[in-house]
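Just below is one structure, and these are the notes that go with it.
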Amino acid sequence: MAEKIKLSFKDNSECEFPKGVKAEEVVKQRFGKKAGMALAVVINKRVVDLSAPINESGEFDILTFEDEAGMDLFRHSSSHLMALAVKRLYPNAKFAIGPSIEDGFYYDFDNLSISDKDLKKIEAEIKKIIHEKLPFIRREISKQEALKLFKNEPYKLELINDLPASERITTYKLGAFEDLCRGPHVPHSGVIGAVKLLKVAGAYWRGDSTKKMLTRIYGTSFPDKKMLSEYLTRLEEAKKRDHRKLGQEMDLFSFHDEARGFPFWHPKGMILWDEIINYWKEVHRKYGYGEVRTPIILNKDLWLRSGHWEHYKENMYFTTIDDVEHAVKPMNCPGGILIYKSRLHSYKEFPLKLAELGLVHRHELSGVLHGLARVRSFTQDDAHVYCLPDQLEQEIINIIDLVYELYGAFGLKDYRIELSTKPDKHIGSEEDWRRAEEALEKALKKKNAKYDINPGEGAFYGPKIDFHIRDSIGRSWQCGTIQVDFAMPERFDLTYEGRDGRKHRPVMIHRAILGSIERFVGILLEHYAGKLPLWLNPVQVKLLPIADRHAEYARRVAEKMKSRGIRVEVDERSESTSKKVRDAQLEKVNYILVVGDKEEEAGTVNVRTRDNEVKGPRKVEEFIDELLKEIKEKRIK
RNA sequence: GCCUCUGUAGCUCAGCUGGUAGAGCAGCGCUCUCGUAAAUAAACGGGCAAAGCGCAGGUCGCCGGUUCGAAUCCGGCCAGAGGCUCCA
């Protein structure tokens with residue numbers, strides 16, 4: 001009779017089924033109530049469709065949208081729904097690819113000319129498809145059949161041709177749209193509860209800027225409307241903490257048509273800037289760094305020698321001085337190296353750490369500029385560490401410690417670490433690369449750091465560790481970087497005198513911790529949603545006299561605070577106290593001090609915070625001491 | 001650089017398919033000198049509230065075209081937003 005297979009479930013129970021039983025059947029029998037949420041099943045750790053027959057014994061589980069993998073599948077199926085909608089509305093569109101991404105999905109189309117306004121129409125069509133409850137039908141075909149099936153879809157043909165001839169190819173059919181797809185998918189279109197198309201964008205075919213630009217539609221989907229609207233509300237909230245908006249509201253910096261991509265810093269912005277820098281310098285002295293400063297303009301010969309003339313010219317700005325061509329520095333290393341070469345070095349000085357807050361200029365493509373996060377002139381918190389080969393690992397560890405300390409002081413915990421290894425195009429010996437990659441990885445392991453490896457993504461001159469921090473809407477920006485550099489010591493013939501009295505080549509580490517001060521300020525503003533901790537806030541305290549007759553007392557208190565280094569303002573406007581409190585809170589001032597008759601008489605201030613925590617009356621002197629203590633502790637609030 | 005969208009007073013925005021610029025907030029002036037919060041998805045209704053009156057501001061991003069006439073339509077440029085590529 002029929003062969004049996006044995007399936008085990010999460011609760012450790014086991015059950016026998018006839019071979020070839022539909023996964024759907026098993027789910028119905030074993031998961032009861034929860035079965036309605038099943039999107040796909042997991043058999044022996046492989047995800048397959050609900051409709052698939054089960055032919056092997058093993059572990060069995062279901063995938064719901066509560067799992068990350070389930071949500072992924074859900075979004076991927078959503079992109080097929082969108083593709084079907086586009087096929088119905090725009091029969092001439094050509095189809096490229098449509099994967100799930102974090103928080104949503106997209107599909108790339110060619111021969112589709114649409115704008116934001118058309119999204120509504122497509123969305124309506126998707127809703128129809130959801131109501132139609134169309135099944136996803138899986139087929140397995142040969143490469144020959146696939147080439148025939150997709151003969152009118154050039155992008156699909158390109159994908160199929162890249163597959164080995166022997167490979168069985170799967171397709172999924174949803175209504176009139178059959179797509180080349182590995183799957184699996186949800187059982188039918190009705191499972192997709194709520195879809196929202198978010199934006200139209202251009203995207204190069206296969207991410208290659210030499211290839212054709214396709215039309216990409218981004219969307220997101222959720223099991224129900226409530227989850228979708230919650231997500232959209234979160235997005236709106238996140239936009240409010242955009243550093244470009246906060247920068248304007250808080251009067252920190254601005255941008256002007258007269259200098260695209262070059263930020264202008266306002267007085268309050270400079271206070272924030274200086275606080276960051278001062279702390280940075282303090283920590284760097286502690287870690288044994290010396291600080292240097294090199295010129296912004298250096299002549300052509302230097303850039304020829306460094307290789308920038310050859311590899312980086314399109315990103316550089318140029319000028320001529322006394323008929324000699326010069327370039328504005330896009331990086332600090334060549335200048336720093338000249339300092340190294342200004343005298344002989346001994347192995348005894350190593351590790352030699354030279355830091356520079358270097359103002360660099362890079363001609364970035366106009367389309368990539370983004371507030372403070374991507375500008376054309378920025379200040380790198382750069383440093384170059386020259387060391388012996390066997391000091392490399394320890395020096396990398398020291399830099400990682402420095403990263404942890406600095407990020408920690410700014411309350412940043414959520415960052416991603418990436419290790420990028422040897423690219424195809426590279427200089428330096430295999431042995432050097434192996435040693436450097438090993439040192440970087442060992443250092444990360446010793447620090448118990450979580451990291452991802454980016455194979456082949458290193459710089460041509462050496463492997464690197466990068467630290468990426470997310471902004472308010474989830475975009476990831478590279479901040480810290482630790483790069484082992486083989487190119488510069490060679491090109492500039494850097495040497496040191498070893499124990500043996502002979503000249504050797506030092507190892508050079510190029511590193512930045514904050515990355516650029518500009519980008520970092522942007523990250524910080526978004527991280528704190530503008531509510532900067534006391535030590536960083538340009539305005540720490542606001543004094544609110546209740547009536548005009550209290551202004552004099554308020555000014556006296558303010559002077560006392562100023563003389564102790566506290567940044568304080570008095571709001572003497574003839575407005576109601578409630579309005580002044582509200583304004584001060586919107587300005588994100590840490591402490592709001594109300595003073596009236598009672599306070600003046602008692603020599604106190606009535607303290608409340610921007611988060612509306614009322615602390616009540618405090619003696620002026622005592623409160624100043626409290627403030628100074630909080631500033632000194634750099635307490636994260 | 002490429003794709004899509006946007007560009008109206010310092011800020012936030014209104015201005016329907018072309019007929020000749022507005023609101024709120026902020027600013028300034030005068031009068032008043034009350035007062036130790038209010039609000040928090042939206043819409044509507046109600047209550048409370050130290051505010052009131054007045055002034056100033058923009059050839060509607062720039063240039064050109066269509067038209068009797070353009071903020072409104074078309075084209076080019078500039079800038080911004082979201083993506084792609086790139087990157088600190």
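Here's how to read the names in the structure tokens: chain A, B, ... by the order shown, residue numbers from 1 in each chain, ligand numbers from 1 in the order shown.
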
Contact set, chain A to chain B: 9 Å, only C-alpha atoms (C1' of nucleotides), as a ChimeraX atom specification: /A:114-116,199-204,207-209,213-216,249,256-257,260,364-368,373-374,378-380,477-481,512,514-517,519,546-548,574-582,594-596,606

Which of range 114-261 of chain A fall in alpha helix (DSSP H), as a count of residues only: 55

All strand (DSSP E or B) residues (DSSP, backbone) inside range 24-166 of chain A, as a ChimeraX atom specification: /A:40-43,46-48,53-54,58-63,94-95,100-101,104-110,135-141

How would the residues just picked look written out with C-alpha atoms as an mmCIF file, in the first residue's frame?
data_model
loop_
_atom_site.group_PDB
_atom_site.id
_atom_site.type_symbol
_atom_site.label_atom_id
_atom_site.label_comp_id
_atom_site.auth_asym_id
_atom_site.auth_seq_id
_atom_site.Cartn_x
_atom_site.Cartn_y
_atom_site.Cartn_z
ATOM 1 C CA ALA A 40 4.648 28.296 3.837
ATOM 2 C CA VAL A 41 6.092 25.256 5.535
ATOM 3 C CA VAL A 42 9.562 24.317 6.610
ATOM 4 C CA ILE A 43 10.563 20.746 5.953
ATOM 5 C CA ARG A 46 13.956 24.019 3.686
ATOM 6 C CA VAL A 47 11.096 26.409 3.043
ATOM 7 C CA VAL A 48 8.543 25.067 0.561
ATOM 8 C CA PRO A 53 3.827 17.366 -1.689
ATOM 9 C CA ILE A 54 5.965 16.002 1.137
ATOM 10 C CA GLY A 58 11.866 14.789 8.912
ATOM 11 C CA GLU A 59 11.248 17.942 10.886
ATOM 12 C CA PHE A 60 8.208 19.939 9.971
ATOM 13 C CA ASP A 61 7.241 23.468 10.908
ATOM 14 C CA ILE A 62 5.185 26.329 9.580
ATOM 15 C CA LEU A 63 6.260 29.786 8.587
ATOM 16 C CA LYS A 94 9.211 44.329 -19.479
ATOM 17 C CA PHE A 95 10.007 42.587 -16.232
ATOM 18 C CA SER A 100 11.769 41.511 -0.884
ATOM 19 C CA ILE A 101 13.815 44.022 1.036
ATOM 20 C CA GLY A 104 8.998 45.907 1.921
ATOM 21 C CA PHE A 105 9.713 44.959 -1.643
ATOM 22 C CA TYR A 106 10.313 46.369 -5.109
ATOM 23 C CA TYR A 107 10.062 45.315 -8.707
ATOM 24 C CA ASP A 108 12.130 46.678 -11.590
ATOM 25 C CA PHE A 109 10.459 47.250 -14.946
ATOM 26 C CA ASP A 110 11.637 48.394 -18.305
ATOM 27 C CA PRO A 135 -3.283 30.867 -6.331
ATOM 28 C CA PHE A 136 0.488 30.844 -6.833
ATOM 29 C CA ILE A 137 1.137 27.898 -9.138
ATOM 30 C CA ARG A 138 4.619 26.433 -9.161
ATOM 31 C CA ARG A 139 6.099 24.761 -12.243
ATOM 32 C CA GLU A 140 9.405 23.097 -12.856
ATOM 33 C CA ILE A 141 10.706 23.318 -16.409
#

May I have the residues within 6 Å of range 542-545 of chain A as a compact mmCIF listing (two decimals) with N, CA, C and O atoms, in the first residue's frame, using only C-alpha atoms (C1' of nucleotides) and disregarding those fewer than 3 positions away in the same chain?
# COMPACT_ATOMS: atom_id res chain seq x y z
N HIS A 550 10.77 90.45 37.21
CA HIS A 550 11.67 89.35 37.59
C HIS A 550 12.86 89.21 36.64
O HIS A 550 13.73 88.38 36.86
N ALA A 551 12.84 90.03 35.58
CA ALA A 551 13.90 89.90 34.56
C ALA A 551 15.27 90.16 35.16
O ALA A 551 16.25 89.49 34.83
N VAL A 568 23.42 79.53 28.87
CA VAL A 568 22.09 79.87 29.36
C VAL A 568 21.52 81.07 28.60
O VAL A 568 22.27 81.93 28.13
N GLU A 569 20.20 81.06 28.43
CA GLU A 569 19.52 82.19 27.81
C GLU A 569 18.36 82.61 28.70
O GLU A 569 17.79 81.79 29.42
N VAL A 570 18.02 83.91 28.65
CA VAL A 570 16.87 84.42 29.40
C VAL A 570 15.79 84.78 28.39
O VAL A 570 16.05 85.48 27.42
N ASP A 571 14.59 84.26 28.61
CA ASP A 571 13.47 84.59 27.72
C ASP A 571 12.68 85.74 28.34
O ASP A 571 11.81 85.54 29.17
N ILE A 592 14.55 74.08 32.12
CA ILE A 592 13.77 75.31 32.01
C ILE A 592 13.55 75.81 33.43
O ILE A 592 12.99 75.08 34.27
N LEU A 593 14.05 77.01 33.70
CA LEU A 593 13.99 77.53 35.05
C LEU A 593 13.03 78.71 35.11
O LEU A 593 13.27 79.74 34.48
N VAL A 594 11.96 78.55 35.84
CA VAL A 594 10.98 79.62 35.99
C VAL A 594 11.31 80.39 37.26
O VAL A 594 11.60 79.79 38.29
N VAL A 595 11.33 81.73 37.17
CA VAL A 595 11.58 82.53 38.36
C VAL A 595 10.52 83.63 38.51
O VAL A 595 10.20 84.33 37.57

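Nearest residue to A21 in chain B, choosing from B:C63, B:A9, B:C48, B:C53 and counting only C-alpha atoms (C1' of nucleotides): B:A9.
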
For Leu228 in chain A: contacts at 7 Å, only C-alpha atoms (C1' of nucleotides), fewer than 5 positions along chain excluded, given as a list in words: Ala194, Ser221 and Phe222 of chain A

For Ala355 in chain A, the nearest of the candidates A:Glu572, A:Glu125, A:Glu230, A:Asp381, counting only C-alpha atoms: A:Asp381

Distance in Å - CA of Glu25 in chain A versus CA of Leu180 in chain A: 26.9 Å

Separation of CA of Leu534 in chain A from CA of Trp265 in chain A, in Å and rounded to one decimal: 20.3 Å

Å distance separating CA of Asp583 in chain A from CA of Ala602 in chain A, one decimal place: 26.1 Å

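Of the residues under consideration (A:Arg505, A:Lys560, A:Arg30, A:Arg376), A:Arg376 shows the shortest atom-to-atom contact distance to Ala259 in chain A when counting only C-alpha atoms.
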
Mind checking which residues fall within 9 Å of range 69-73 of chain B, counting only C-alpha atoms (C1' of nucleotides), ignoring those fewer than 5 positions away in the same chain, and posting them as a CSV table (one decimal) with N, CA and C atoms (P, O5', C5', C4', C3', O3' and C1' of nucleotides), in the first residue's frame?
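Dumped to result-v9.csv:
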chain,number,residue,atom,x,y,z
B,8,U,P,8.5,77.4,-2.7
B,8,U,O5',8.0,78.9,-2.6
B,8,U,C5',8.1,79.7,-3.8
B,8,U,C4',7.0,80.7,-3.8
B,8,U,C3',6.6,81.3,-2.5
B,8,U,O3',7.5,82.3,-2.1
B,8,U,C1',4.7,80.7,-3.6
B,15,G,P,-4.5,74.5,-2.8
B,15,G,O5',-4.6,75.9,-3.5
B,15,G,C5',-5.9,76.5,-3.8
B,15,G,C4',-5.8,77.9,-4.3
B,15,G,C3',-5.2,78.0,-5.8
B,15,G,O3',-6.1,77.7,-6.8
B,15,G,C1',-4.1,79.5,-4.4
B,18,G,P,-6.5,76.7,-17.5
B,18,G,O5',-5.7,77.2,-16.2
B,18,G,C5',-6.2,78.2,-15.3
B,18,G,C4',-5.5,79.5,-15.5
B,18,G,C3',-6.5,80.6,-16.0
B,18,G,O3',-7.3,81.1,-15.0
B,18,G,C1',-4.4,80.7,-17.2
B,19,G,P,-7.0,82.1,-13.8
B,19,G,O5',-6.6,83.5,-14.5
B,19,G,C5',-5.7,84.4,-13.8
B,19,G,C4',-6.0,85.8,-14.2
B,19,G,C3',-7.2,86.4,-13.6
B,19,G,O3',-6.7,87.2,-12.5
B,19,G,C1',-7.2,86.7,-15.9
B,20,U,P,-7.6,88.3,-11.8
B,20,U,O5',-6.6,89.6,-11.6
B,20,U,C5',-5.7,89.6,-10.5
B,20,U,C4',-4.4,89.1,-11.0
B,20,U,C3',-3.2,89.9,-10.6
B,20,U,O3',-2.8,89.5,-9.3
B,20,U,C1',-3.0,89.5,-12.9
B,21,A,P,-1.9,90.5,-8.4
B,21,A,O5',-2.9,90.4,-7.1
B,21,A,C5',-2.3,90.3,-5.8
B,21,A,C4',-2.4,88.8,-5.4
B,21,A,C3',-2.2,88.7,-3.9
B,21,A,O3',-3.5,88.7,-3.4
B,21,A,C1',-0.8,87.1,-5.1
B,60,C,P,7.8,86.4,-9.6
B,60,C,O5',7.3,85.4,-8.5
B,60,C,C5',8.3,84.6,-7.8
B,60,C,C4',7.5,83.5,-7.1
B,60,C,C3',7.3,82.3,-8.0
B,60,C,O3',7.9,81.2,-7.4
B,60,C,C1',5.2,83.1,-7.1
